[in-house]
Amino acid sequence: MKQSLVHKKIKPACMYCAHGQKSCDDSCILCVKKGIMQPDSHCRRFQYDPLKRVPQKKAQLPLFSAEDFSLE
């Protein structure tokens, strides 16, 4: 069984498509198949490219002191 590269939480978007390329000002995507597209839109020719996706940053953990772990 072939596994999908697109996780269910990742919505299809032109910014992740193999056919699209960012414009100079990053306001739109230049698609080979459809022309100028919005980054958050997609078409039926969407093909996921995992190298174009920038993962979300991990949440910063708060800094704890020794007083936080004392029982007094």
# chains A, B, ... in the order shown; residues from 1 in each chain; ligands from 1
>>> residues_around(residues="Val32 (chain A)", least_positions_apart="6", cutoff="10 Å", atoms="only C-alpha atoms", output="ChimeraX atom specification")
/A:18-21
>>> residues_around(residues="Arg45 (chain A)", least_positions_apart="4", cutoff="9 Å", atoms="only C-alpha atoms", output="MDAnalysis selection string")
chainID A and resid 17 19 33:34
>>> write_last_selection(atoms="C-alpha atoms", output="compact mmCIF listing (two decimals), in the first residue's frame")
# COMPACT_ATOMS: atom_id res chain seq x y z
CA CYS A 17 2.76 22.63 -5.25
CA HIS A 19 4.08 23.21 -10.47
CA LYS A 33 -0.47 24.92 -15.36
CA LYS A 34 -2.83 27.73 -14.30
>>> residues_around(residues="Pro39 (chain A)", least_positions_apart="5", cutoff="7 Å", atoms="only C-alpha atoms", output="compact mmCIF listing (two decimals) with all heavy atoms, in the first residue's frame")
# COMPACT_ATOMS: atom_id res chain seq x y z
N ALA A 13 -2.23 23.66 -1.00
CA ALA A 13 -2.05 25.08 -1.30
C ALA A 13 -1.00 25.21 -2.39
O ALA A 13 -0.08 24.41 -2.49
CB ALA A 13 -1.61 25.83 -0.05
N CYS A 14 -1.15 26.25 -3.20
CA CYS A 14 -0.22 26.48 -4.32
C CYS A 14 1.21 26.71 -3.83
O CYS A 14 2.15 26.43 -4.56
CB CYS A 14 -0.68 27.67 -5.15
SG CYS A 14 -2.12 27.29 -6.16
N MET A 15 1.37 27.18 -2.61
CA MET A 15 2.72 27.42 -2.11
C MET A 15 3.49 26.13 -1.88
O MET A 15 4.71 26.13 -1.80
CB MET A 15 2.69 28.28 -0.85
CG MET A 15 2.05 27.63 0.34
SD MET A 15 2.09 28.65 1.80
CE MET A 15 0.56 29.52 1.63
N CYS A 28 2.19 36.23 -4.75
CA CYS A 28 1.43 35.28 -5.56
C CYS A 28 2.36 34.15 -6.02
O CYS A 28 3.57 34.22 -5.88
CB CYS A 28 0.78 35.96 -6.75
SG CYS A 28 1.92 36.77 -7.85
N ILE A 29 1.75 33.11 -6.58
CA ILE A 29 2.47 31.94 -7.07
C ILE A 29 2.34 31.91 -8.59
O ILE A 29 1.24 32.08 -9.14
CB ILE A 29 1.89 30.65 -6.47
CG1 ILE A 29 1.94 30.69 -4.94
CG2 ILE A 29 2.60 29.42 -7.00
CD1 ILE A 29 3.32 30.74 -4.35
>>> select_by_dssp(residues="chain A", states="strand (DSSP E or B)", output="count of residues only")
11
>>> closest_residue(among="A:Asp68, A:Pro12, A:Gln56, A:Ser23", to="Arg44 (chain A)", atoms="only C-alpha atoms")
A:Pro12
>>> closest_residue(among="A:Lys58, A:Lys22, A:Leu71, A:Ser65", to="Met37 (chain A)", atoms="only C-alpha atoms")
A:Lys22
>>> atom_distance(atom1="CA of Ile10 (chain A)", atom2="CA of Val54 (chain A)")
11.5 Å
>>> select_by_dssp(residues="chain A", states="helix (DSSP H, G or I)", output="PyMOL selection string")
chain A and resi 14-16+50-52+66-69
>>> atom_distance(atom1="CA of Asp26 (chain A)", atom2="CA of His42 (chain A)")
16.2 Å
>>> atom_distance(atom1="CA of Lys9 (chain A)", atom2="CA of Asp25 (chain A)")
27.4 Å
>>> closest_residue(among="A:Glu67, A:Glu72, A:Pro62, A:Tyr16", to="Asp49 (chain A)", atoms="only C-alpha atoms")
A:Tyr16
